[in-house]
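Visitor: start-v6.txt is reproduced in full below (compact mmCIF, C-alpha atoms and all ligand atoms).
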# COMPACT_ATOMS: atom_id res chain seq x y z
CA MET A 24 117.78 26.90 135.58
CA LEU A 25 119.76 27.36 138.77
CA ALA A 26 117.33 30.05 139.79
CA ILE A 27 114.46 27.66 139.37
CA LEU A 28 116.23 25.04 141.42
CA VAL A 29 116.87 27.53 144.20
CA TYR A 30 113.27 28.59 144.00
CA ILE A 31 112.11 25.00 144.37
CA MET A 32 114.40 24.47 147.31
CA VAL A 33 113.11 27.58 148.98
CA PHE A 34 109.61 26.35 148.32
CA LEU A 35 110.31 22.97 149.90
CA GLN A 36 112.01 24.59 152.87
CA LEU A 37 109.10 26.90 153.42
CA PHE A 38 106.64 24.13 152.86
CA LYS A 39 108.36 22.21 155.64
CA SER A 40 108.29 25.20 157.94
CA TYR A 41 104.67 25.70 157.23
CA GLU A 42 103.90 22.13 158.21
CA LEU A 43 105.20 23.01 161.63
CA CYS A 44 103.67 26.41 161.94
CA PRO A 45 100.57 28.18 160.55
CA LEU A 46 101.48 31.16 158.47
CA GLU A 47 99.87 33.76 160.72
CA TYR A 48 102.25 32.64 163.50
CA TYR A 49 105.22 31.93 161.27
CA VAL A 50 105.11 35.45 159.85
CA ILE A 51 105.46 36.89 163.37
CA ASP A 52 108.33 34.62 164.44
CA GLU A 53 109.46 31.42 162.78
CA ASN A 54 109.92 30.07 166.31
CA HIS A 55 106.56 31.25 167.66
CA SER A 56 105.63 29.49 170.89
CA TYR A 57 102.33 28.44 169.33
CA CYS A 58 104.39 26.17 167.08
CA SER A 59 106.80 24.83 169.67
CA GLN A 60 107.23 21.13 170.41
CA PRO A 61 106.02 19.91 173.83
CA TYR A 62 108.51 18.45 176.31
CA PRO A 63 108.12 14.65 176.35
CA ASN A 64 105.50 13.40 178.82
CA VAL A 65 104.40 16.85 179.95
CA VAL A 66 100.84 16.81 181.30
CA ASP A 67 98.33 19.65 180.89
CA LEU A 68 96.67 21.04 184.02
CA PRO A 69 93.51 22.42 182.41
CA ILE A 70 92.08 25.58 183.91
CA SER A 71 88.50 25.15 185.11
CA SER A 72 86.02 27.94 184.62
CA SER A 73 86.09 28.66 188.36
CA GLU A 74 89.90 28.91 188.26
CA ARG A 75 89.64 31.23 185.30
CA THR A 76 87.16 33.38 187.17
CA ALA A 77 89.48 33.38 190.19
CA ILE A 78 92.50 34.41 188.10
CA LEU A 79 90.56 37.37 186.73
CA ARG A 80 89.02 38.23 190.10
CA ILE A 81 92.39 38.29 191.84
CA HIS A 82 93.98 40.41 189.13
CA ASN A 83 91.11 42.88 189.05
CA HIS A 84 91.02 43.04 192.84
CA GLU A 85 94.67 44.09 192.92
CA ARG A 86 94.09 46.53 190.10
CA ARG A 87 91.22 48.16 191.97
CA LEU A 88 93.13 48.33 195.26
CA VAL A 89 95.74 50.77 193.97
CA ARG A 90 93.16 53.43 193.07
CA GLY A 91 94.64 54.30 189.70
CA THR A 92 92.70 56.74 187.55
CA ASN A 93 93.64 55.07 184.27
CA ILE A 94 93.54 51.39 185.18
CA GLU A 95 91.27 49.24 183.05
CA LYS A 96 89.37 46.13 183.96
CA MET A 97 91.13 42.96 182.79
CA TYR A 98 89.50 40.28 180.64
CA TRP A 99 90.36 36.76 179.56
CA ASN A 100 91.66 36.05 176.06
CA ASP A 101 91.61 32.52 174.69
CA ASP A 102 94.34 33.14 172.13
CA LEU A 103 96.73 34.31 174.81
CA ALA A 104 95.81 31.28 176.89
CA GLU A 105 96.42 28.85 174.01
CA ILE A 106 99.83 30.35 173.29
CA ALA A 107 100.63 30.23 177.03
CA LEU A 108 99.63 26.56 177.08
CA ARG A 109 101.85 25.64 174.18
CA TYR A 110 104.70 27.46 175.85
CA ALA A 111 104.03 25.82 179.22
CA ARG A 112 104.28 22.43 177.54
CA ARG A 113 107.90 23.17 176.72
CA CYS A 114 108.78 23.02 180.43
CA GLU A 115 111.44 25.71 180.15
CA PHE A 116 111.35 27.89 183.23
CA ASP A 117 112.39 31.05 181.45
CA HIS A 118 110.57 33.59 179.28
CA ASP A 119 109.99 33.18 175.60
CA LYS A 120 110.64 36.23 173.40
CA ALA A 121 107.87 38.81 173.20
CA SER A 122 107.41 38.07 169.49
CA GLN A 123 107.04 34.36 170.24
CA ARG A 124 103.95 35.00 172.35
CA SER A 125 102.29 37.63 170.17
CA VAL A 126 98.68 36.88 169.16
CA PRO A 127 98.40 37.23 165.36
CA ARG A 128 95.54 39.70 165.41
CA ILE A 129 96.90 41.63 168.41
CA PRO A 130 100.15 43.24 167.29
CA LEU A 131 100.77 44.89 170.67
CA SER A 132 103.40 44.29 173.32
CA THR A 133 102.75 41.02 175.11
CA GLY A 134 104.06 40.38 178.62
CA GLN A 135 104.44 37.23 180.69
CA ASN A 136 104.50 36.10 184.31
CA LEU A 137 105.81 32.66 185.23
CA ALA A 138 105.69 30.60 188.40
CA MET A 139 106.49 27.04 189.32
CA GLY A 140 106.09 24.71 192.26
CA TYR A 141 102.96 26.29 193.74
CA ASP A 142 99.99 24.12 194.61
CA ASN A 143 97.40 26.03 192.63
CA TRP A 144 96.68 29.22 190.76
CA THR A 145 95.67 31.18 193.85
CA GLN A 146 99.05 30.38 195.43
CA ALA A 147 101.03 31.11 192.27
CA ILE A 148 99.43 34.50 191.74
CA GLY A 149 99.71 35.12 195.47
CA GLY A 150 103.48 34.76 195.03
CA TRP A 151 103.44 37.54 192.47
CA ILE A 152 101.28 39.77 194.67
CA GLU A 153 103.70 39.38 197.60
CA GLU A 154 106.09 41.58 195.65
CA LYS A 155 103.96 44.61 196.37
CA GLU A 156 105.75 45.09 199.68
CA HIS A 157 108.66 46.29 197.52
CA TYR A 158 106.52 48.62 195.44
CA ILE A 159 105.99 52.27 196.34
CA HIS A 160 104.23 54.27 193.66
CA GLY A 161 106.53 56.91 192.18
CA TYR A 162 109.67 55.58 193.87
CA PRO A 163 112.25 53.05 192.76
CA ALA A 164 111.36 49.51 193.78
CA THR A 165 113.12 48.07 196.82
CA GLY A 166 113.09 44.54 195.42
CA ILE A 167 111.59 42.48 192.63
CA VAL A 168 108.21 43.89 191.66
CA ALA A 169 107.83 43.08 187.97
CA HIS A 170 105.28 40.28 188.35
CA TYR A 171 103.14 42.55 190.49
CA THR A 172 103.53 45.59 188.23
CA GLN A 173 102.52 43.50 185.21
CA MET A 174 99.38 42.46 187.09
CA ILE A 175 98.41 46.05 187.82
CA TRP A 176 99.75 47.72 184.64
CA HIS A 177 97.04 50.17 183.62
CA SER A 178 96.69 48.94 180.03
CA ALA A 179 97.07 45.21 180.73
CA VAL A 180 93.46 44.56 179.73
CA LEU A 181 93.86 41.05 178.44
CA VAL A 182 95.22 37.94 180.11
CA GLY A 183 95.42 34.27 179.16
CA CYS A 184 96.99 31.64 181.41
CA ALA A 185 97.86 27.96 181.30
CA ALA A 186 99.55 25.37 183.53
CA THR A 187 101.30 22.08 182.95
CA MET A 188 102.91 19.40 185.09
CA CYS A 189 106.46 18.97 183.87
CA PRO A 190 108.47 15.79 184.36
CA PRO A 191 111.72 15.93 186.37
CA SER A 192 114.31 17.72 184.28
CA GLY A 193 117.56 19.63 184.72
CA ILE A 194 117.87 21.09 188.20
CA PHE A 195 114.38 19.93 189.13
CA ASP A 196 114.50 16.36 190.32
CA MET A 197 110.78 16.07 190.93
CA LYS A 198 107.92 16.76 188.60
CA TRP A 199 106.93 20.40 188.82
CA PRO A 200 103.82 22.42 188.00
CA PHE A 201 104.50 25.30 185.61
CA TYR A 202 102.23 28.37 185.52
CA VAL A 203 102.26 30.83 182.61
CA CYS A 204 100.19 34.01 182.19
CA ASN A 205 100.52 36.16 179.07
CA TYR A 206 99.29 39.77 179.09
CA VAL A 207 98.37 42.49 176.56
CA THR A 208 99.75 45.02 176.92
CA GLY A 209 103.06 44.16 178.45
CA GLN A 210 104.60 46.52 180.94
CA LEU A 211 107.48 48.94 180.79
CA ASN A 212 110.25 49.31 183.35
CA SER A 213 108.33 50.47 186.41
CA ASN A 214 111.32 52.45 187.69
CA LEU A 215 111.11 54.66 184.60
CA TYR A 216 107.39 54.58 183.80
CA ARG A 217 104.48 54.52 186.21
CA PRO A 218 102.25 51.47 185.98
CA TYR A 219 99.21 53.73 186.53
CA ASP A 220 98.24 57.29 187.43
CA GLN A 221 97.53 57.60 191.13
CA GLY A 222 94.06 58.69 192.25
CA ILE A 223 93.01 59.49 195.80
CA GLU A 224 89.79 57.66 196.35
CA ASP A 225 88.24 54.27 195.69
CA ARG A 226 86.88 54.03 192.19
CA PRO A 227 85.61 51.33 189.90
CA LEU A 228 88.02 50.16 187.19
CA ASN A 229 87.64 51.75 183.77
CA ASP A 230 85.79 49.14 181.77
CA CYS A 231 86.03 49.00 177.99
CA HIS A 232 85.50 45.25 177.87
CA GLY A 233 89.12 44.52 177.08
CA LYS A 234 89.05 46.63 173.95
CA VAL A 235 92.47 47.38 172.47
CA CYS A 236 93.42 49.91 169.78
CA LEU A 237 96.07 48.89 167.24
CA TYR A 238 98.79 50.63 165.25
CA ASN A 239 99.34 53.53 167.66
CA GLY A 240 95.65 54.19 168.23
CA THR A 241 94.67 55.39 171.71
CA LEU A 242 91.64 54.35 173.73
CA ASP A 243 89.45 57.07 175.18
CA LEU A 244 88.54 55.63 178.59
CA LYS A 245 85.36 57.74 178.84
CA THR A 246 83.82 56.78 175.52
CA CYS A 247 85.68 53.50 174.92
CA GLN A 248 86.34 54.68 171.37
CA CYS A 249 89.68 54.22 169.64
CA GLN A 250 91.35 57.32 168.26
CA CYS A 251 93.35 55.92 165.38
CA SER A 252 96.60 57.15 163.91
CA THR A 253 96.56 58.61 160.40
CA TYR A 254 97.42 55.25 158.81
CA ALA A 255 94.84 53.03 160.52
CA THR A 256 91.04 52.84 160.50
CA GLY A 257 88.33 50.67 162.04
CA SER A 258 86.70 50.44 165.46
CA GLN A 259 89.96 49.08 166.88
CA CYS A 260 92.19 50.71 164.25
CA GLU A 261 92.60 47.20 162.89
CA HIS A 262 92.90 48.26 159.25
CA LEU A 263 96.43 49.29 158.46
CA ASN A 264 97.22 51.31 155.33
CA CYS A 265 100.92 50.90 154.69
CA SER A 266 100.85 53.17 151.66
CA ILE A 267 100.35 56.25 153.83
CA LEU A 268 102.83 55.69 156.64
CA PRO A 269 104.63 58.74 158.00
CA PRO A 270 108.45 58.70 157.97
CA CYS A 271 109.99 56.31 160.45
CA TYR A 272 112.86 57.67 162.49
CA TYR A 273 114.35 54.32 163.40
CA GLN A 274 116.72 52.51 161.07
CA SER A 275 117.18 49.02 162.35
CA PRO A 276 114.61 46.29 163.03
CA GLU A 277 116.48 45.79 166.32
CA SER A 278 114.75 48.98 167.50
CA CYS A 279 111.45 47.14 167.31
CA ILE A 280 112.08 45.67 170.76
CA ALA A 281 111.08 49.06 172.16
CA VAL A 282 107.29 49.06 172.51
CA ASN A 283 106.70 52.36 170.75
CA VAL A 284 108.61 51.45 167.59
CA PRO A 285 106.24 48.80 166.16
CA LEU A 286 103.36 51.18 166.84
CA GLU A 287 104.98 54.01 164.90
CA CYS A 288 107.01 52.10 162.31
CA PRO A 289 104.81 49.21 161.21
CA ARG A 290 106.83 48.45 158.09
CA LEU A 291 110.21 48.37 159.80
CA CYS A 292 108.81 45.96 162.38
CA GLY A 293 107.22 43.54 159.93
CA LEU A 294 103.64 44.63 160.62
CA CYS A 295 102.89 45.41 156.96
CA ASP A 296 103.79 41.84 155.90
CA ARG A 297 101.92 40.52 158.90
CA TYR A 298 98.85 42.53 157.96
CA GLU A 299 98.82 41.02 154.45
CA VAL A 300 98.88 37.53 155.97
CA LEU A 301 96.15 38.40 158.48
CA LYS A 302 93.91 39.61 155.66
CA GLN A 303 94.37 36.30 153.86
CA VAL A 304 93.91 34.10 156.90
CA TYR A 305 91.07 35.83 158.71
CA GLY A 306 89.49 37.96 155.98
CA LYS A 307 89.55 41.73 155.89
CA ALA A 308 86.26 41.99 157.78
CA ASN A 309 87.54 39.92 160.71
CA LEU A 310 90.66 41.72 161.80
CA ALA A 311 89.33 43.42 164.93
CA PRO A 312 91.05 41.61 167.81
CA ASN A 313 88.18 41.22 170.21
CA THR A 314 84.85 42.32 168.91
CA PRO A 315 83.32 38.99 170.01
CA ALA A 316 84.32 39.76 173.57
CA ILE A 317 82.69 43.13 173.35
CA LYS A 318 79.48 41.66 171.99
CA MET A 319 79.43 38.96 174.61
CA LEU A 320 79.82 41.49 177.35
CA ARG A 321 76.67 43.30 176.36
CA THR A 322 74.86 40.14 177.28
CA THR A 323 76.87 40.05 180.53
CA THR A 324 78.90 36.98 179.65
CA ILE A 325 82.59 36.49 180.27
CA THR A 326 84.72 38.14 177.61
CA THR A 327 87.97 37.38 175.91
CA THR A 328 91.22 39.26 176.21
CA THR A 329 95.03 39.29 175.55
CA SER A 330 98.27 39.69 177.57
CA SER A 331 101.90 40.84 177.98
CA THR A 332 104.79 40.76 180.50
CA LYS A 333 108.44 41.38 181.25
CA ARG A 334 111.26 38.96 180.88
CA LYS A 335 113.59 39.64 183.72
CA PRO A 336 111.16 39.16 186.54
CA ALA A 337 110.47 35.62 185.55
CA GLY A 338 114.08 34.60 185.84
CA ARG A 339 114.10 35.95 189.34
CA LYS A 340 110.89 34.30 190.24
CA MET A 341 112.32 31.09 189.00
CA LYS A 342 114.98 31.23 191.68
CA THR A 343 112.60 32.15 194.40
CA ASN A 344 110.26 29.42 193.44
CA SER A 345 112.80 26.70 193.00
CA GLN A 346 113.86 27.27 196.58
CA LYS A 347 110.31 26.80 197.70
CA GLN A 348 109.71 24.04 195.28
CA PRO A 349 110.66 20.85 197.11
CA ARG A 350 108.26 21.61 199.92
CA LYS A 351 105.49 22.61 197.62
CA LEU A 352 106.00 19.82 195.20
CA SER A 353 105.46 17.16 197.78
CA LEU A 354 101.93 18.43 198.31
CA ILE A 355 100.86 18.40 194.71
CA THR A 356 97.93 16.31 193.74
CA HIS A 357 96.23 16.87 190.45
CA PRO A 358 93.61 14.23 189.92
CA SER A 359 92.19 15.66 186.75
CA THR A 360 95.29 15.90 184.60
CA VAL A 361 95.32 15.09 180.93
CA ILE A 362 98.26 14.01 178.84
CA ALA A 363 99.26 16.77 176.48
CA SER A 364 98.60 15.69 172.98
CA ASN A 365 101.25 16.06 170.37
CA SER A 366 98.65 16.38 167.70
CA CYS A 367 98.78 19.60 165.78
CA ASN A 368 95.45 21.27 165.11
CA TYR A 369 96.99 23.32 162.44
CA LEU A 370 97.76 20.32 160.29
CA SER A 371 94.07 19.70 159.89
CA LEU A 372 93.67 22.63 157.53
CA SER A 373 91.91 21.73 154.38
CA ILE A 374 93.95 21.60 151.22
CA GLY A 375 92.68 24.88 149.82
CA PRO A 376 93.91 27.23 152.52
CA TYR A 377 96.99 25.04 152.88
CA LEU A 378 98.17 25.77 149.38
CA LEU A 379 97.21 29.38 149.66
CA HIS A 380 99.27 29.72 152.81
CA SER A 381 102.28 28.07 151.23
CA LEU A 382 102.06 30.58 148.47
CA MET A 383 101.75 33.43 150.94
CA ILE A 384 104.87 32.31 152.75
CA ILE A 385 106.77 32.52 149.52
CA ILE A 386 105.42 35.94 148.73
CA VAL A 387 106.23 37.22 152.19
CA THR A 388 109.66 35.64 152.18
CA LEU A 389 110.59 36.78 148.72
CA LYS A 390 109.52 40.28 149.62
CA SER A 391 112.00 40.32 152.45
CA PHE A 392 114.91 39.15 150.27
C1 LIG B 401 114.60 29.87 165.33
O1 LIG B 401 115.23 28.80 165.98
C2 LIG B 401 116.35 28.26 165.24
C3 LIG B 401 116.82 27.02 165.99
O2 LIG B 401 116.93 27.30 167.35
C4 LIG B 401 117.42 29.34 165.11
O3 LIG B 401 118.52 28.85 164.40
C5 LIG B 401 116.82 30.55 164.40
O4 LIG B 401 117.76 31.59 164.33
C6 LIG B 401 115.57 31.03 165.13
N1 LIG B 401 114.95 32.08 164.37
C7 LIG B 401 114.68 33.27 164.87
C8 LIG B 401 114.01 34.26 163.96
O5 LIG B 401 114.95 33.59 166.01
C1 LIG B 402 95.45 26.37 197.09
O1 LIG B 402 96.46 25.75 197.87
C2 LIG B 402 96.47 26.19 199.23
C3 LIG B 402 97.69 25.59 199.91
O2 LIG B 402 97.82 24.24 199.64
C4 LIG B 402 95.17 25.78 199.90
O3 LIG B 402 95.15 26.21 201.25
C5 LIG B 402 94.01 26.43 199.14
O4 LIG B 402 92.79 26.00 199.67
C6 LIG B 402 94.09 26.07 197.67
N1 LIG B 402 93.09 26.89 196.99
C7 LIG B 402 92.30 26.39 196.07
C8 LIG B 402 91.35 27.32 195.45
O5 LIG B 402 92.33 25.19 195.76
C1 LIG B 403 95.40 53.87 151.58
O1 LIG B 403 95.43 55.26 151.52
C2 LIG B 403 95.44 55.80 150.19
C3 LIG B 403 95.64 57.31 150.29
O2 LIG B 403 94.69 57.88 151.13
C4 LIG B 403 94.15 55.41 149.50
O3 LIG B 403 94.15 55.89 148.17
C5 LIG B 403 94.02 53.89 149.50
O4 LIG B 403 92.77 53.52 148.95
C6 LIG B 403 94.13 53.35 150.92
N1 LIG B 403 94.17 51.90 150.85
C7 LIG B 403 93.33 51.16 151.55
C8 LIG B 403 93.47 49.69 151.40
O5 LIG B 403 92.48 51.65 152.27
C1 LIG B 404 101.91 57.55 168.23
O1 LIG B 404 101.22 57.87 169.44
C2 LIG B 404 101.94 58.72 170.30
C3 LIG B 404 101.13 58.88 171.57
O2 LIG B 404 99.79 59.15 171.28
C4 LIG B 404 102.17 60.07 169.60
O3 LIG B 404 102.91 60.92 170.44
C5 LIG B 404 102.94 59.82 168.31
O4 LIG B 404 103.08 61.04 167.59
C6 LIG B 404 102.22 58.81 167.43
N1 LIG B 404 103.06 58.51 166.30
C7 LIG B 404 102.60 58.39 165.06
C8 LIG B 404 103.62 58.11 163.99
O5 LIG B 404 101.40 58.48 164.80
In structure tokens, how does this file's structure come out?
Guide:
Amino acid sequence: MLAILVYIMVFLQLFKSYELCPLEYYVIDENHSYCSQPYPNVVDLPISSSERTAILRIHNHERRLVRGTNIEKMYWNDDLAEIALRYARRCEFDHDKASQRSVPRIPLSTGQNLAMGYDNWTQAIGGWIEEKEHYIHGYPATGIVAHYTQMIWHSAVLVGCAATMCPPSGIFDMKWPFYVCNYVTGQLNSNLYRPYDQGIEDRPLNDCHGKVCLYNGTLDLKTCQCQCSTYATGSQCEHLNCSILPPCYYQSPESCIAVNVPLECPRLCGLCDRYEVLKQVYGKANLAPNTPAIKMLRTTTITTTTSSTKRKPAGRKMKTNSQKQPRKLSLITHPSTVIASNSCNYLSLSIGPYLLHSLMIIIVTLKSF
């Protein structure tokens, strides 16, 4: 009897959580940024298609300039952009956790660059690029470089950005524009790992249309084919078989912060549960992260992508920018702003999937008891 009561309470609790957050996000992090509440009176600054083109052009220009042999061309990803938008609406000038910005179907490290107070995207990204004066390939950085190194990280093939106008809050006594870009993959510490392999001459970027390989698969830059690990199959290694995982040499889920651990220990890092949810939500045939992008590219259209970044740099940038902010803020004019809606798309699910998802939450949660 008591057990049943507890069960019902768990059900109600989960039901409530689900109302706030779709299962495919909830299973990644119960506080996923996709599900976060907007700051009151925040205003979206929608990205026009020419701004989007400029964001990609500037990133790819910087990526080409360094002459790396393994750098890939970067593409836009709408899922990353939507998650960035929902985070930007929170008006917190600090990074969210990597798991809070992870795209459900892209279980790879996801980085983030933040800026505030700049007049427009070109200026904001320009602020990140300025850091390259402190970057010397193969040597320790002489200053903050993490925004720049995320931009040029060889495997950062996907980016999605968003901006909002935040009302005065905390230390900011004027309204302030907030810029967020999320990247897949995120970067590593550039003092320990090189963002790219240095080449000698100008070369075009490797272009696999933003294709990513999951579950420890590696992308062959010549053929653009994924070489999958033993426990994954599919064109992007998107099918995970958790019944044939090799032994995992890490004990604690805390280890999953390190980028290699989720790739090699999917179960420890929750990727087996996540995979079950993904199958339910998207269908087994639709798990490849960006096949649409690849198809679109063949017809020479703009493609979709994903993103990732580092945490520490943003905090630093925050300081830099807040010093600049008063001057910059006074110049801001954004005629075409739109009030952020509090409406939640994900509540408009039809009843069928809704109940199914509630059930899935219980299964997933009970499994982890
Ligand atoms: C989610 O946020 C709540 C409230 O801030 C916190 O108590 C909880 O520990 C968070 N959950 C995770 C998994 O971080
Ligand atoms: C961005 O802002 C700067 C400084 O205000 C301005 O000179 C530049 O023309 C703007 N660029 C775009 C694309 O609006
Ligand atoms: C997982 O691998 C095992 C062993 O090779 C195989 O029998 C099983 O069918 C696979 N499961 C899926 C869902 O592919
Ligand atoms: C994951 O990939 C890395 C690099 O390709 C490789 O060294 C490692 O053995 C792989 N691990 C597993 C469990 O497949």
Visitor: Rank A:Leu237, A:Val180, A:Ile175, A:Leu108 by their smallest atom-to-atom distance to A:Asp67, using only C-alpha atoms, and report the top residue only.
Guide: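 Answer, going by the shortest atom-to-atom distance: A:Leu108.
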Visitor: Please measure the separation of atom CA of A:Val182 and atom CA of A:Val207, giving the value in Å to one decimal.
Guide: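 Interatomic distance, atom CA of A:Val182 to atom CA of A:Val207: 6.6 Å.
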Visitor: Hey, which residues come within 7 Å of ligand LIG 404 (chain B) if we count only C-alpha atoms and all ligand atoms? Could you give them as a list in words?
Guide: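 Answer in the requested format: Asn239, Gly240, Thr241, Ser252, Thr253, Pro269, Leu286 and Glu287 of chain A.
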Visitor: Taking all atoms listed in the file into account, report as an MDAnalysis selection string which residues have an atom no farther than 10 Å from an atom of ligand LIG 403 (chain B).
Guide: chainID A and resid 253:256 262:268 307
Visitor: List all protein, DNA and RNA residues that have an atom no more than 8 Å from any atom of ligand LIG 401 (chain B), counting all atoms listed in the file, and report them as number ranges by chain.
Guide: A: 52-54
Visitor: Residues within 8 Å of ligand LIG 402 (chain B) should be enumerated using all atoms listed in the file and returned as a PyMOL selection string.
Guide: chain A and resi 74+141-146+354
Visitor: With distances taken over all atoms listed in the file, which residue among A:Val168, A:Leu181, A:Ile81, A:Ile51 lies nearest A:Met97?
Guide: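 Checking each candidate against A:Met97, we get A:Leu181 as the closest.
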Visitor: With distances taken over all atoms listed in the file, which residue among A:Thr187, A:Thr208, A:Asn83, A:Thr165 lies nearest A:Asn283?
Guide: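 The shortest atom-to-atom distance to A:Asn283 comes from A:Thr208.
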Visitor: Do a neighbour search on A:Ile70 at 8 Å with all atoms listed in the file, toss out local chain neighbours closer than 4 positions, and write the hits as a PDB file with C-alpha atoms, in the coordinates of the input.
Guide:
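Produced file selection_17.pdb, reproduced below:
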ATOM      1  CA  GLU A  74      89.900  28.910 188.260  1.00  0.00           C
ATOM      2  CA  ARG A  75      89.640  31.230 185.300  1.00  0.00           C
ATOM      3  CA  ALA A 185      97.860  27.960 181.300  1.00  0.00           C
ATOM      4  CA  ALA A 186      99.550  25.370 183.530  1.00  0.00           C
TER       5      ALA A 186
END
Visitor: Neighbouring residues of A:Tyr57 were defined as those with any atom within 12 Å, considering only C-alpha atoms; residues of the same chain fewer than 4 positions away were excluded. Please report them as number ranges by chain.
Guide: A: 43-49, 51-53, 61, 102-113, 119, 122-127, 367-369
Visitor: In Å, how far is it from atom CA of A:Arg87 to atom CA of A:Glu261?
Guide: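 Between atom CA of A:Arg87 and atom CA of A:Glu261 the gap is 29.1 Å.
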Visitor: Could you tell me how far atom CA of A:Leu291 sits from atom CA of A:Gln259, in Å to one decimal place?
Guide: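 According to the coordinates, atom CA of A:Gln259 and atom CA of A:Leu291 are separated by 21.5 Å.
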Visitor: Excluding A:Pro163 and its own-chain neighbours fewer than 5 positions away, which residues fall within 12 Å of it when counting only C-alpha atoms? Please give them as a list of chain:residue names.
Guide: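 Near A:Pro163, the qualifying residues are A:His157, A:Tyr158, A:Val168, A:Ala169, A:Asn212, A:Ser213, A:Asn214, A:Leu215, A:Tyr216, A:Arg217.
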Visitor: Of the candidates A:Trp99, A:Tyr202, A:Phe195, A:Tyr171, which one gets nearest to A:Ala147 if we count all atoms listed in the file?
Guide: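 Looking at the shortest contact to A:Ala147, the residue is A:Tyr202.
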Visitor: My structure is short of atoms at stretch 193-206 of chain A; please model N, CA and C atoms there, returning them as a PDB file, keeping the file's coordinate frame.
Guide:
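Here's the written file result11.pdb:
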ATOM      1  N   GLY A 193     116.538  18.675 184.324  1.00  0.00           N
ATOM      2  CA  GLY A 193     117.560  19.630 184.720  1.00  0.00           C
ATOM      3  C   GLY A 193     117.727  19.689 186.224  1.00  0.00           C
ATOM      4  N   ILE A 194     117.643  20.918 186.765  1.00  0.00           N
ATOM      5  CA  ILE A 194     117.870  21.090 188.200  1.00  0.00           C
ATOM      6  C   ILE A 194     116.669  20.641 189.026  1.00  0.00           C
ATOM      7  N   PHE A 195     115.559  20.331 188.379  1.00  0.00           N
ATOM      8  CA  PHE A 195     114.380  19.930 189.130  1.00  0.00           C
ATOM      9  C   PHE A 195     114.280  18.409 189.134  1.00  0.00           C
ATOM     10  N   ASP A 196     114.467  17.815 190.302  1.00  0.00           N
ATOM     11  CA  ASP A 196     114.500  16.360 190.320  1.00  0.00           C
ATOM     12  C   ASP A 196     113.159  15.744 190.687  1.00  0.00           C
ATOM     13  N   MET A 197     112.130  16.587 190.747  1.00  0.00           N
ATOM     14  CA  MET A 197     110.780  16.070 190.930  1.00  0.00           C
ATOM     15  C   MET A 197     109.924  16.671 189.817  1.00  0.00           C
ATOM     16  N   LYS A 198     108.781  16.099 189.582  1.00  0.00           N
ATOM     17  CA  LYS A 198     107.920  16.760 188.600  1.00  0.00           C
ATOM     18  C   LYS A 198     107.437  18.090 189.183  1.00  0.00           C
ATOM     19  N   TRP A 199     107.224  19.057 188.327  1.00  0.00           N
ATOM     20  CA  TRP A 199     106.930  20.400 188.820  1.00  0.00           C
ATOM     21  C   TRP A 199     105.834  21.064 187.995  1.00  0.00           C
ATOM     22  N   PRO A 200     104.885  21.713 188.717  1.00  0.00           N
ATOM     23  CA  PRO A 200     103.820  22.420 188.000  1.00  0.00           C
ATOM     24  C   PRO A 200     104.344  23.773 187.505  1.00  0.00           C
ATOM     25  N   PHE A 201     103.992  24.102 186.286  1.00  0.00           N
ATOM     26  CA  PHE A 201     104.500  25.300 185.610  1.00  0.00           C
ATOM     27  C   PHE A 201     103.306  26.179 185.262  1.00  0.00           C
ATOM     28  N   TYR A 202     103.338  27.432 185.727  1.00  0.00           N
ATOM     29  CA  TYR A 202     102.230  28.370 185.520  1.00  0.00           C
ATOM     30  C   TYR A 202     102.690  29.505 184.600  1.00  0.00           C
ATOM     31  N   VAL A 203     101.909  29.781 183.569  1.00  0.00           N
ATOM     32  CA  VAL A 203     102.260  30.830 182.610  1.00  0.00           C
ATOM     33  C   VAL A 203     101.041  31.741 182.404  1.00  0.00           C
ATOM     34  N   CYS A 204     101.216  33.044 182.590  1.00  0.00           N
ATOM     35  CA  CYS A 204     100.190  34.010 182.190  1.00  0.00           C
ATOM     36  C   CYS A 204     100.786  34.984 181.185  1.00  0.00           C
ATOM     37  N   ASN A 205     100.105  35.171 180.074  1.00  0.00           N
ATOM     38  CA  ASN A 205     100.520  36.160 179.070  1.00  0.00           C
ATOM     39  C   ASN A 205      99.545  37.344 179.121  1.00  0.00           C
ATOM     40  N   TYR A 206     100.087  38.551 178.942  1.00  0.00           N
ATOM     41  CA  TYR A 206      99.290  39.770 179.090  1.00  0.00           C
ATOM     42  C   TYR A 206      99.440  40.712 177.897  1.00  0.00           C
TER      43      TYR A 206
END
